[in-house]
file target-v2.csv (CSV, C-alpha atoms)
chain,number,residue,atom,x,y,z
A,1,MET,CA,93.0,-86.7,36.3
A,2,ARG,CA,94.7,-85.2,39.3
A,3,SER,CA,94.5,-81.5,38.5
A,4,VAL,CA,93.1,-79.2,41.2
A,5,ARG,CA,89.8,-77.4,40.8
A,6,TRP,CA,90.6,-73.7,40.3
A,7,ARG,CA,87.1,-72.1,40.3
A,8,MET,CA,86.3,-70.6,43.7
A,9,PRO,CA,82.8,-70.2,45.2
A,10,LEU,CA,81.2,-66.8,44.6
A,11,GLN,CA,81.5,-65.8,48.2
A,12,ALA,CA,85.3,-66.5,48.1
A,13,VAL,CA,85.7,-64.4,44.9
A,14,VAL,CA,83.8,-61.5,46.4
A,15,ALA,CA,85.9,-61.7,49.6
A,16,SER,CA,89.1,-61.9,47.6
A,17,ALA,CA,88.2,-58.9,45.5
A,18,ALA,CA,87.3,-56.9,48.7
A,19,PHE,CA,90.6,-57.9,50.3
A,20,VAL,CA,92.6,-56.9,47.2
A,21,SER,CA,91.0,-53.5,47.1
A,22,ALA,CA,91.6,-52.9,50.7
A,23,TRP,CA,95.2,-54.1,50.6
A,24,LEU,CA,96.1,-52.2,47.5
A,25,LEU,CA,95.0,-49.0,49.3
A,26,GLY,CA,97.6,-49.7,51.9
A,27,CYS,CA,100.5,-50.8,49.6
A,28,GLY,CA,102.1,-47.4,50.0
A,29,GLU,CA,102.7,-47.9,53.7
A,30,ARG,CA,106.3,-48.5,54.7
A,31,SER,CA,107.0,-52.0,55.9
A,32,GLY,CA,108.9,-52.4,59.1
A,33,ALA,CA,110.9,-55.4,57.8
A,34,ALA,CA,113.4,-55.7,55.0
A,35,PRO,CA,112.5,-58.0,52.1
A,36,HIS,CA,114.4,-60.9,53.6
A,37,GLU,CA,112.8,-60.6,57.1
A,38,PRO,CA,109.5,-62.3,57.7
A,39,GLU,CA,106.6,-59.9,58.5
A,40,PRO,CA,102.8,-60.5,58.4
A,41,VAL,CA,100.2,-58.1,57.0
A,42,ARG,CA,98.5,-57.0,60.1
A,43,GLU,CA,95.1,-57.1,58.7
A,44,PRO,CA,92.4,-59.8,59.6
A,45,THR,CA,91.5,-60.6,56.0
A,46,TRP,CA,95.1,-61.3,55.1
A,47,MET,CA,95.5,-63.5,58.2
A,48,ARG,CA,92.4,-65.5,57.2
A,49,ALA,CA,93.5,-65.9,53.6
A,50,ALA,CA,97.0,-67.1,54.7
A,51,ALA,CA,95.4,-69.6,57.1
A,52,ARG,CA,93.2,-70.9,54.2
A,53,LEU,CA,96.2,-71.5,52.0
A,54,ASN,CA,97.9,-73.4,54.9
A,55,ARG,CA,94.8,-75.6,55.2
A,56,GLU,CA,95.0,-76.3,51.5
A,57,VAL,CA,98.5,-77.5,51.9
A,58,ALA,CA,97.5,-79.8,54.8
A,59,ALA,CA,94.6,-81.2,52.8
A,60,ALA,CA,96.6,-81.8,49.6
A,61,GLY,CA,98.5,-84.9,50.9
A,62,ARG,CA,101.9,-85.9,49.6
A,63,GLU,CA,103.2,-86.1,46.1
A,64,VAL,CA,102.1,-82.7,44.9
A,65,ASP,CA,103.6,-82.1,41.5
A,66,LEU,CA,103.6,-78.4,41.3
A,67,CYS,CA,103.4,-75.7,43.9
A,68,LEU,CA,103.0,-72.1,42.8
A,69,VAL,CA,104.2,-69.4,45.3
A,70,GLY,CA,103.8,-65.6,44.9
A,71,ASP,CA,101.5,-62.7,44.9
A,72,SER,CA,98.5,-61.6,42.7
A,73,LEU,CA,100.3,-62.8,39.6
A,74,THR,CA,100.3,-66.3,41.0
A,75,ALA,CA,96.9,-66.1,42.5
A,76,GLY,CA,95.7,-65.1,39.0
A,77,TRP,CA,96.2,-68.6,37.7
A,78,ARG,CA,92.9,-69.3,39.4
A,79,PHE,CA,91.1,-66.6,37.4
A,80,ALA,CA,92.4,-65.0,34.2
A,81,GLY,CA,94.9,-67.8,33.9
A,82,GLU,CA,92.5,-70.7,34.5
A,83,ALA,CA,92.3,-71.8,30.9
A,84,ALA,CA,96.0,-71.5,30.3
A,85,PHE,CA,96.7,-73.5,33.4
A,86,ALA,CA,94.3,-76.3,32.5
A,87,VAL,CA,95.9,-76.7,29.1
A,88,SER,CA,99.6,-76.5,30.1
A,89,PHE,CA,99.5,-78.3,33.4
A,90,HIS,CA,96.8,-80.8,32.7
A,91,GLY,CA,96.9,-83.9,35.0
A,92,LEU,CA,99.3,-82.4,37.6
A,93,LYS,CA,98.5,-82.4,41.3
A,94,THR,CA,98.9,-78.7,42.2
A,95,LEU,CA,98.8,-76.1,44.9
A,96,ASN,CA,98.5,-72.4,44.4
A,97,LEU,CA,99.9,-70.4,47.3
A,98,GLY,CA,99.6,-67.0,45.6
A,99,LEU,CA,98.2,-64.1,47.8
A,100,SER,CA,97.4,-60.7,46.3
A,101,GLY,CA,99.5,-57.8,47.5
A,102,ASP,CA,102.2,-60.0,49.1
A,103,ARG,CA,105.8,-58.8,49.2
A,104,THR,CA,108.6,-61.2,49.9
A,105,GLU,CA,108.6,-60.5,53.7
A,106,HIS,CA,104.9,-61.5,53.8
A,107,MET,CA,105.6,-64.7,51.9
A,108,LEU,CA,108.4,-65.5,54.4
A,109,HIS,CA,106.0,-65.0,57.3
A,110,ARG,CA,103.2,-67.2,56.0
A,111,LEU,CA,105.5,-69.9,54.6
A,112,GLY,CA,107.2,-70.1,58.0
A,113,ARG,CA,103.9,-71.2,59.4
A,114,CYS,CA,103.1,-73.7,56.6
A,115,ASP,CA,104.2,-77.3,56.9
A,116,LEU,CA,105.1,-78.0,53.3
A,117,ARG,CA,106.6,-81.3,54.2
A,118,LEU,CA,102.9,-82.5,54.1
A,119,ALA,CA,102.9,-81.8,50.4
A,120,GLU,CA,106.6,-82.3,49.4
A,121,PRO,CA,106.1,-80.8,45.9
A,122,ARG,CA,108.2,-82.0,43.1
A,123,LEU,CA,108.6,-78.4,41.9
A,124,PHE,CA,108.1,-74.9,43.5
A,125,VAL,CA,107.5,-72.1,41.0
A,126,LEU,CA,108.3,-68.8,42.7
A,127,LEU,CA,107.2,-65.5,41.2
A,128,ALA,CA,107.8,-62.7,43.7
A,129,GLY,CA,109.2,-59.2,44.1
A,130,THR,CA,107.1,-56.9,42.0
A,131,ASN,CA,105.2,-55.5,45.0
A,132,ASN,CA,108.5,-54.7,46.8
A,133,LEU,CA,109.6,-52.7,43.8
A,134,SER,CA,106.3,-50.8,43.3
A,135,LYS,CA,105.7,-49.9,47.0
A,136,ASP,CA,106.2,-46.3,48.1
A,137,PRO,CA,109.1,-45.9,48.9
A,138,PRO,CA,110.3,-48.9,46.9
A,139,ASP,CA,112.8,-51.5,48.1
A,140,THR,CA,116.1,-51.5,46.2
A,141,PRO,CA,116.8,-54.1,43.5
A,142,GLU,CA,119.6,-55.5,45.7
A,143,ALA,CA,117.2,-55.9,48.7
A,144,VAL,CA,114.5,-57.4,46.5
A,145,ALA,CA,116.8,-60.0,45.0
A,146,HIS,CA,117.9,-60.9,48.5
A,147,GLY,CA,114.3,-61.2,49.5
A,148,VAL,CA,113.3,-63.4,46.6
A,149,VAL,CA,116.2,-65.8,47.1
A,150,ALA,CA,115.4,-65.9,50.9
A,151,VAL,CA,111.9,-67.1,49.9
A,152,ALA,CA,113.4,-69.8,47.7
A,153,ARG,CA,115.7,-70.9,50.5
A,154,ALA,CA,112.7,-71.1,52.8
A,155,LEU,CA,110.9,-73.3,50.4
A,156,LYS,CA,113.9,-75.6,50.0
A,157,GLY,CA,114.4,-75.7,53.7
A,158,LYS,CA,110.8,-76.8,54.2
A,159,SER,CA,110.9,-79.4,51.5
A,160,PRO,CA,114.6,-80.4,50.7
A,161,ALA,CA,113.7,-82.9,48.0
A,162,SER,CA,111.8,-80.3,45.9
A,163,ALA,CA,113.2,-78.4,43.0
A,164,VAL,CA,112.8,-74.6,43.1
A,165,LEU,CA,112.3,-72.5,40.0
A,166,ILE,CA,112.6,-68.7,40.4
A,167,VAL,CA,110.8,-66.8,37.6
A,168,SER,CA,111.9,-63.4,36.7
A,169,ILE,CA,109.9,-60.4,37.7
A,170,LEU,CA,107.4,-59.4,34.9
A,171,PRO,CA,107.3,-55.9,33.4
A,172,ASN,CA,105.5,-53.4,35.6
A,173,GLY,CA,103.8,-50.2,34.4
A,174,THR,CA,103.2,-48.9,30.9
A,175,ASP,CA,106.2,-46.5,30.6
A,176,PRO,CA,109.2,-48.4,29.3
A,177,ASP,CA,111.5,-45.7,30.5
A,178,SER,CA,110.2,-45.4,34.1
A,179,ALA,CA,112.4,-45.9,37.2
A,180,LEU,CA,110.2,-48.9,38.1
A,181,ARG,CA,110.9,-50.6,34.8
A,182,ARG,CA,114.6,-50.0,35.2
A,183,SER,CA,114.4,-51.5,38.7
A,184,VAL,CA,112.7,-54.6,37.4
A,185,VAL,CA,115.5,-55.1,34.8
A,186,GLU,CA,118.2,-54.6,37.4
A,187,THR,CA,116.5,-56.9,39.9
A,188,ASN,CA,116.2,-59.6,37.3
A,189,ALA,CA,119.9,-59.4,36.5
A,190,LEU,CA,120.7,-59.8,40.1
A,191,LEU,CA,118.3,-62.7,40.5
A,192,ALA,CA,119.9,-64.6,37.6
A,193,GLU,CA,123.2,-64.3,39.4
A,194,ARG,CA,121.9,-65.1,42.9
A,195,ALA,CA,119.8,-68.0,41.9
A,196,ALA,CA,122.7,-69.7,40.1
A,197,ALA,CA,124.9,-69.1,43.1
A,198,ALA,CA,122.4,-70.6,45.5
A,199,GLY,CA,121.7,-73.6,43.3
A,200,PHE,CA,118.2,-72.6,42.1
A,201,ARG,CA,116.9,-72.6,38.5
A,202,PHE,CA,116.1,-69.2,37.1
A,203,LEU,CA,113.7,-68.6,34.2
A,204,ASP,CA,113.8,-65.2,32.5
A,205,VAL,CA,110.4,-64.5,31.0
A,206,HIS,CA,110.5,-60.6,31.1
A,207,ASP,CA,111.1,-59.9,27.4
A,208,ARG,CA,108.4,-62.3,26.2
A,209,PHE,CA,105.8,-59.8,27.2
A,210,LEU,CA,107.3,-56.7,25.5
A,211,ASP,CA,107.5,-55.5,21.9
A,212,GLY,CA,110.7,-54.0,20.3
A,213,GLY,CA,110.1,-50.7,22.0
A,214,GLY,CA,109.7,-52.1,25.5
A,215,ARG,CA,106.0,-51.7,25.6
A,216,TRP,CA,103.6,-54.5,26.6
A,217,ARG,CA,102.6,-56.6,23.6
A,218,PRO,CA,98.9,-56.0,22.9
A,219,GLY,CA,96.5,-58.1,24.8
A,220,LEU,CA,98.9,-59.6,27.4
A,221,SER,CA,98.1,-57.3,30.3
A,222,THR,CA,95.0,-55.9,31.8
A,223,ASP,CA,96.6,-52.8,33.4
A,224,GLY,CA,100.3,-52.8,32.8
A,225,THR,CA,101.0,-55.1,35.7
A,226,HIS,CA,98.5,-58.0,35.8
A,227,LEU,CA,98.2,-60.6,33.1
A,228,SER,CA,95.2,-61.3,30.8
A,229,GLY,CA,94.3,-64.8,29.7
A,230,ARG,CA,96.6,-64.4,26.7
A,231,GLY,CA,99.3,-63.2,29.1
A,232,TYR,CA,99.1,-66.4,31.1
A,233,ASP,CA,99.4,-68.4,27.9
A,234,VAL,CA,102.7,-66.7,27.4
A,235,LEU,CA,103.8,-67.3,30.9
A,236,ALA,CA,102.7,-71.0,30.9
A,237,THR,CA,104.8,-71.9,27.9
A,238,PRO,CA,108.3,-71.6,29.4
A,239,ILE,CA,107.2,-72.9,32.8
A,240,SER,CA,105.7,-76.0,31.2
A,241,GLY,CA,108.9,-76.5,29.4
A,242,VAL,CA,110.8,-76.7,32.7
A,243,VAL,CA,108.1,-79.1,34.1
A,244,ALA,CA,108.6,-81.4,31.1
A,245,GLU,CA,112.4,-81.1,31.3
A,246,LEU,CA,112.2,-82.3,34.9
A,247,GLY,CA,110.0,-85.2,33.9
A,248,ILE,CA,106.9,-84.1,35.9
A,249,SER,CA,103.9,-85.5,34.2
A,250,GLY,CA,101.5,-86.3,37.1
A,251,GLY,CA,100.9,-89.6,38.8
A,252,GLY,CA,103.5,-89.0,41.6
A,253,ARG,CA,107.2,-89.7,41.7
call {"tool": "encode", "arguments": {"input": "target-v2.csv", "output": "structure tokens"}}
result
Amino acid sequence: MRSVRWRMPLQAVVASAAFVSAWLLGCGERSGAAPHEPEPVREPTWMRAAARLNREVAAAGREVDLCLVGDSLTAGWRFAGEAAFAVSFHGLKTLNLGLSGDRTEHMLHRLGRCDLRLAEPRLFVLLAGTNNLSKDPPDTPEAVAHGVVAVARALKGKSPASAVLIVSILPNGTDPDSALRRSVVETNALLAERAAAAGFRFLDVHDRFLDGGGRWRPGLSTDGTHLSGRGYDVLATPISGVVAELGISGGGR
């Protein structure tokens, strides 16, 4: 079996939790860059985490099947999503480049310093933009869609032979009538158009998590933003469908 080991050492989990807490406290700060302009998080723990992910890419070797790119929702496959990942992507050689708190400008910065040619994944799965919409003040849906597609273009530029799947932004917050929820829906509509125009696949999973009244289905989220184990089961199903459609079953090309 060629699947990656997802469980992290206790020290790494503690360090990650400490970083997330510190970073979330600063999420309200205005970024100096637009969502399509690379910008680092000027915080030592983030720099170390980004460097660690780059080392994982270098150590992975070629013929990676699946590379996940994003923020805490992507990083969460290592934790709450571990069981769902093991079932849905069993046997695949994988990389997880999710980093909690990241906005699209932060992903662009760290991906610009990552030699993804070393891995040449068969498929990138990009889930990004929620932190841009929820910061204070938020980026506009137009700007966020531009930023997400910029990340997809950066991935394709790094590894031209790879396919890129843009996943829609998930529901955010518990109020179905909030401005944030409306921004998520508007951004997803723009992403569907921009992804098609740029030649990327787009996967709309937004409504899978909601009931008929626009509220989170019970048990799928821990806080109205992040996914539970059951939530990752829901997310894994359509992504694994794309993986199967592309004929990715492990064992290289």
call {"tool": "residues_around", "arguments": {"input": "target-v2.csv", "residues": "segment 212-220 of chain A", "least_positions_apart": "5", "cutoff": "6 Å", "atoms": "all atoms listed in the file", "output": "compact mmCIF listing (two decimals) with C-alpha atoms, in the frame of the given file"}}
result
# COMPACT_ATOMS: atom_id res chain seq x y z
CA PRO A 176 109.20 -48.40 29.30
CA LEU A 227 98.20 -60.60 33.10
CA SER A 228 95.20 -61.30 30.80
CA ARG A 230 96.60 -64.40 26.70
CA GLY A 231 99.30 -63.20 29.10
call {"tool": "atom_distance", "arguments": {"input": "target-v2.csv", "atom1": "atom CA of Arg48 of chain A", "atom2": "atom CA of Val144 of chain A"}}
result
25.9 Å
call {"tool": "residues_around", "arguments": {"input": "target-v2.csv", "residues": "segment 66-81 of chain A", "least_positions_apart": "4", "cutoff": "9 Å", "atoms": "all atoms listed in the file", "output": "ChimeraX atom specification"}}
result
/A:5-8,20,85-86,89,92-104,107,119,121-131,225-233,236,243,248
call {"tool": "closest_atom_pairs", "arguments": {"input": "target-v2.csv", "of": "segment 56-154 of chain A", "to": "segment 180-197 of chain A", "cutoff": "12 Å", "atoms": "all atoms listed in the file", "output": "JSON lines"}}
result
{"residue": "A:Leu126", "atom": "CA", "partner": "A:Ala195", "partner_atom": "CA", "distance": 11.6}
{"residue": "A:Leu127", "atom": "CA", "partner": "A:Asn188", "partner_atom": "CA", "distance": 11.4}
{"residue": "A:Ala128", "atom": "CA", "partner": "A:Leu191", "partner_atom": "CA", "distance": 11.0}
{"residue": "A:Gly129", "atom": "CA", "partner": "A:Thr187", "partner_atom": "CA", "distance": 8.7}
{"residue": "A:Thr130", "atom": "CA", "partner": "A:Val184", "partner_atom": "CA", "distance": 7.6}
{"residue": "A:Asn131", "atom": "CA", "partner": "A:Val184", "partner_atom": "CA", "distance": 10.7}
{"residue": "A:Asn132", "atom": "CA", "partner": "A:Val184", "partner_atom": "CA", "distance": 10.3}
{"residue": "A:Leu133", "atom": "CA", "partner": "A:Leu180", "partner_atom": "CA", "distance": 6.9}
{"residue": "A:Ser134", "atom": "CA", "partner": "A:Leu180", "partner_atom": "CA", "distance": 6.8}
{"residue": "A:Lys135", "atom": "CA", "partner": "A:Leu180", "partner_atom": "CA", "distance": 10.0}
{"residue": "A:Asp136", "atom": "CA", "partner": "A:Leu180", "partner_atom": "CA", "distance": 11.1}
{"residue": "A:Pro137", "atom": "CA", "partner": "A:Leu180", "partner_atom": "CA", "distance": 11.3}
{"residue": "A:Pro138", "atom": "CA", "partner": "A:Leu180", "partner_atom": "CA", "distance": 8.8}
{"residue": "A:Asp139", "atom": "CA", "partner": "A:Ser183", "partner_atom": "CA", "distance": 9.5}
{"residue": "A:Thr140", "atom": "CA", "partner": "A:Ser183", "partner_atom": "CA", "distance": 7.7}
{"residue": "A:Pro141", "atom": "CA", "partner": "A:Thr187", "partner_atom": "CA", "distance": 4.6}
{"residue": "A:Glu142", "atom": "CA", "partner": "A:Thr187", "partner_atom": "CA", "distance": 6.7}
{"residue": "A:Ala143", "atom": "CA", "partner": "A:Thr187", "partner_atom": "CA", "distance": 8.9}
{"residue": "A:Val144", "atom": "CA", "partner": "A:Thr187", "partner_atom": "CA", "distance": 6.9}
{"residue": "A:Ala145", "atom": "CA", "partner": "A:Leu191", "partner_atom": "CA", "distance": 5.5}
{"residue": "A:His146", "atom": "CA", "partner": "A:Arg194", "partner_atom": "CA", "distance": 8.1}
{"residue": "A:Gly147", "atom": "CA", "partner": "A:Leu191", "partner_atom": "CA", "distance": 10.0}
{"residue": "A:Val148", "atom": "CA", "partner": "A:Leu191", "partner_atom": "CA", "distance": 7.9}
{"residue": "A:Val149", "atom": "CA", "partner": "A:Ala195", "partner_atom": "CA", "distance": 6.7}
{"residue": "A:Ala150", "atom": "CA", "partner": "A:Ala195", "partner_atom": "CA", "distance": 10.2}
{"residue": "A:Val151", "atom": "CA", "partner": "A:Ala195", "partner_atom": "CA", "distance": 11.3}
{"residue": "A:Ala152", "atom": "CA", "partner": "A:Ala195", "partner_atom": "CA", "distance": 8.8}
{"residue": "A:Arg153", "atom": "CA", "partner": "A:Ala195", "partner_atom": "CA", "distance": 10.0}
call {"tool": "atom_distance", "arguments": {"input": "target-v2.csv", "atom1": "atom CA of Phe200 of chain A", "atom2": "atom CA of Ala163 of chain A"}}
result
7.7 Å
